[in-house]
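The data block below is work-v7.cif; it holds mmCIF, C-alpha atoms, pLDDT in the B column; chains and numbers go by the auth columns.
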data_input
#
loop_
_atom_site.group_PDB
_atom_site.id
_atom_site.type_symbol
_atom_site.label_atom_id
_atom_site.label_comp_id
_atom_site.label_asym_id
_atom_site.label_seq_id
_atom_site.Cartn_x
_atom_site.Cartn_y
_atom_site.Cartn_z
_atom_site.B_iso_or_equiv
_atom_site.auth_seq_id
_atom_site.auth_asym_id
ATOM 1 C CA MET A 1 0.000 0.000 0.000 51.00 1 A
ATOM 2 C CA LEU A 2 1.495 3.311 -1.093 54.00 2 A
ATOM 3 C CA GLY A 3 1.749 5.824 1.690 52.00 3 A
ATOM 4 C CA ALA A 4 2.009 3.260 4.476 63.00 4 A
ATOM 5 C CA GLY A 5 4.002 4.765 7.303 79.00 5 A
ATOM 6 C CA LEU A 6 3.760 8.333 5.999 81.00 6 A
ATOM 7 C CA PRO A 7 1.877 11.094 7.768 88.00 7 A
ATOM 8 C CA PRO A 8 -1.592 11.360 6.177 88.00 8 A
ATOM 9 C CA TRP A 9 -0.978 14.894 4.861 88.00 9 A
ATOM 10 C CA LEU A 10 2.219 13.796 3.097 88.00 10 A
ATOM 11 C CA ALA A 11 0.718 10.619 1.669 87.00 11 A
ATOM 12 C CA LYS A 12 -2.202 12.654 0.305 88.00 12 A
ATOM 13 C CA GLY A 13 0.163 15.155 -1.322 86.00 13 A
ATOM 14 C CA VAL A 14 2.317 12.477 -2.918 86.00 14 A
ATOM 15 C CA MET A 15 -0.746 10.638 -4.197 87.00 15 A
ATOM 16 C CA GLY A 16 -2.077 13.904 -5.622 84.00 16 A
ATOM 17 C CA ILE A 17 1.127 14.431 -7.595 83.00 17 A
ATOM 18 C CA PHE A 18 0.994 10.952 -9.063 84.00 18 A
ATOM 19 C CA GLN A 19 -2.710 11.300 -9.818 80.00 19 A
ATOM 20 C CA MET A 20 -2.062 14.495 -11.808 76.00 20 A
ATOM 21 C CA ILE A 21 0.642 12.727 -13.782 76.00 21 A
ATOM 22 C CA ARG A 22 -1.588 9.708 -14.410 69.00 22 A
ATOM 23 C CA GLU A 23 -4.455 11.892 -15.583 65.00 23 A
ATOM 24 C CA GLY A 24 -2.140 13.649 -17.969 59.00 24 A
ATOM 25 C CA ILE A 25 -2.506 17.189 -16.708 59.00 25 A
ATOM 26 C CA THR A 26 0.060 19.027 -18.800 56.00 26 A
ATOM 27 C CA ALA A 27 -0.935 22.667 -18.524 59.00 27 A
ATOM 28 C CA ASP A 28 1.931 24.973 -19.401 65.00 28 A
ATOM 29 C CA THR A 29 2.709 26.738 -16.162 69.00 29 A
ATOM 30 C CA THR A 30 6.264 27.800 -17.000 72.00 30 A
ATOM 31 C CA ASP A 31 5.506 31.518 -17.239 73.00 31 A
ATOM 32 C CA SER A 32 3.429 31.477 -14.046 74.00 32 A
ATOM 33 C CA VAL A 33 6.191 29.734 -12.102 76.00 33 A
ATOM 34 C CA ARG A 34 8.796 32.198 -13.367 79.00 34 A
ATOM 35 C CA GLN A 35 6.605 35.168 -12.431 80.00 35 A
ATOM 36 C CA LEU A 36 5.864 33.836 -8.948 80.00 36 A
ATOM 37 C CA THR A 37 9.304 32.490 -8.015 84.00 37 A
ATOM 38 C CA GLY A 38 11.808 34.032 -10.400 87.00 38 A
ATOM 39 C CA HIS A 39 13.001 30.504 -11.263 85.00 39 A
ATOM 40 C CA ASP A 40 12.287 27.977 -13.978 84.00 40 A
ATOM 41 C CA PRO A 41 9.933 25.155 -12.953 81.00 41 A
ATOM 42 C CA ARG A 42 11.541 21.919 -11.809 82.00 42 A
ATOM 43 C CA PRO A 43 10.607 18.473 -13.063 84.00 43 A
ATOM 44 C CA VAL A 44 8.082 16.672 -10.873 82.00 44 A
ATOM 45 C CA ALA A 45 10.644 13.919 -10.238 86.00 45 A
ATOM 46 C CA ASP A 46 13.065 16.466 -8.702 87.00 46 A
ATOM 47 C CA PHE A 47 10.306 17.918 -6.533 81.00 47 A
ATOM 48 C CA ALA A 48 9.210 14.464 -5.357 84.00 48 A
ATOM 49 C CA HIS A 49 12.814 13.490 -4.591 87.00 49 A
ATOM 50 C CA ASP A 50 13.335 16.623 -2.479 86.00 50 A
ATOM 51 C CA LEU A 51 10.009 16.089 -0.734 85.00 51 A
ATOM 52 C CA MET A 52 10.810 12.476 0.147 86.00 52 A
ATOM 53 C CA ALA A 53 14.526 12.930 0.998 85.00 53 A
ATOM 54 C CA PRO A 54 14.009 13.615 4.725 85.00 54 A
ATOM 55 C CA LEU A 55 11.958 10.434 5.055 83.00 55 A
ATOM 56 C CA LEU A 56 14.451 8.285 3.200 78.00 56 A
ATOM 57 C CA THR A 57 17.472 9.327 5.282 70.00 57 A
ATOM 58 C CA ARG A 58 16.030 8.171 8.603 60.00 58 A
#
For the file at hand, write its structure as structure tokens.
Amino acid sequence: MLGAGLPPWLAKGVMGIFQMIREGITADTTDSVRQLTGHDPRPVADFAHDLMAPLLTR
């Protein structure tokens, strides 16, 4: 079962990311991200890795 052992809020967030990918949501948000953050958007895989890193190092 995916999410076993994760706090419910984190499991829900991770599942939401994978659900968006599975559903094929591909809206171009590059300009919005640049305007809001001043940086280029990062791939979802990089975001997920950074999000999960603290849990994997324990």
### Task
Check which residues satisfy the PyMOL selection byres ((chain A and resi 51-58) around 9) in the file shown, then give them as JSON, numbers by chain.
{"A": [6, 10, 14, 46, 47, 48, 49, 50]}
### Message
To one decimal place in Å, what is the distance between CA of Ala11 (chain A) and CA of Val44 (chain A)?
### Response
15.8 Å
### Query
For the atom pair CA of Pro41 (chain A) and CA of Ile21 (chain A), what is the interatomic distance in Å to one decimal place?
15.5 Å
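CA of Trp9 (chain A) is positioned 25.5 Å from CA of Ser32 (chain A).
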Would you compute, for all listed atoms of region 52-58 of chain A, the axis-aligned bounding box grown by 5 Å on each side, and then report its centre and edge lengths in Å rounded to one decimal, as lines of an AutoDock Vina configuration file?
center_x = 14.1
center_y = 10.9
center_z = 4.4
size_x = 16.7
size_y = 15.4
size_z = 18.5
### Message
Please return as a VMD selection string every residue within 6 Å of (8.3, 25.2, -15.2), taking into account only C-alpha atoms and the file's own coordinates.
### Response
chain A and resid 29 to 30 33 40 to 42
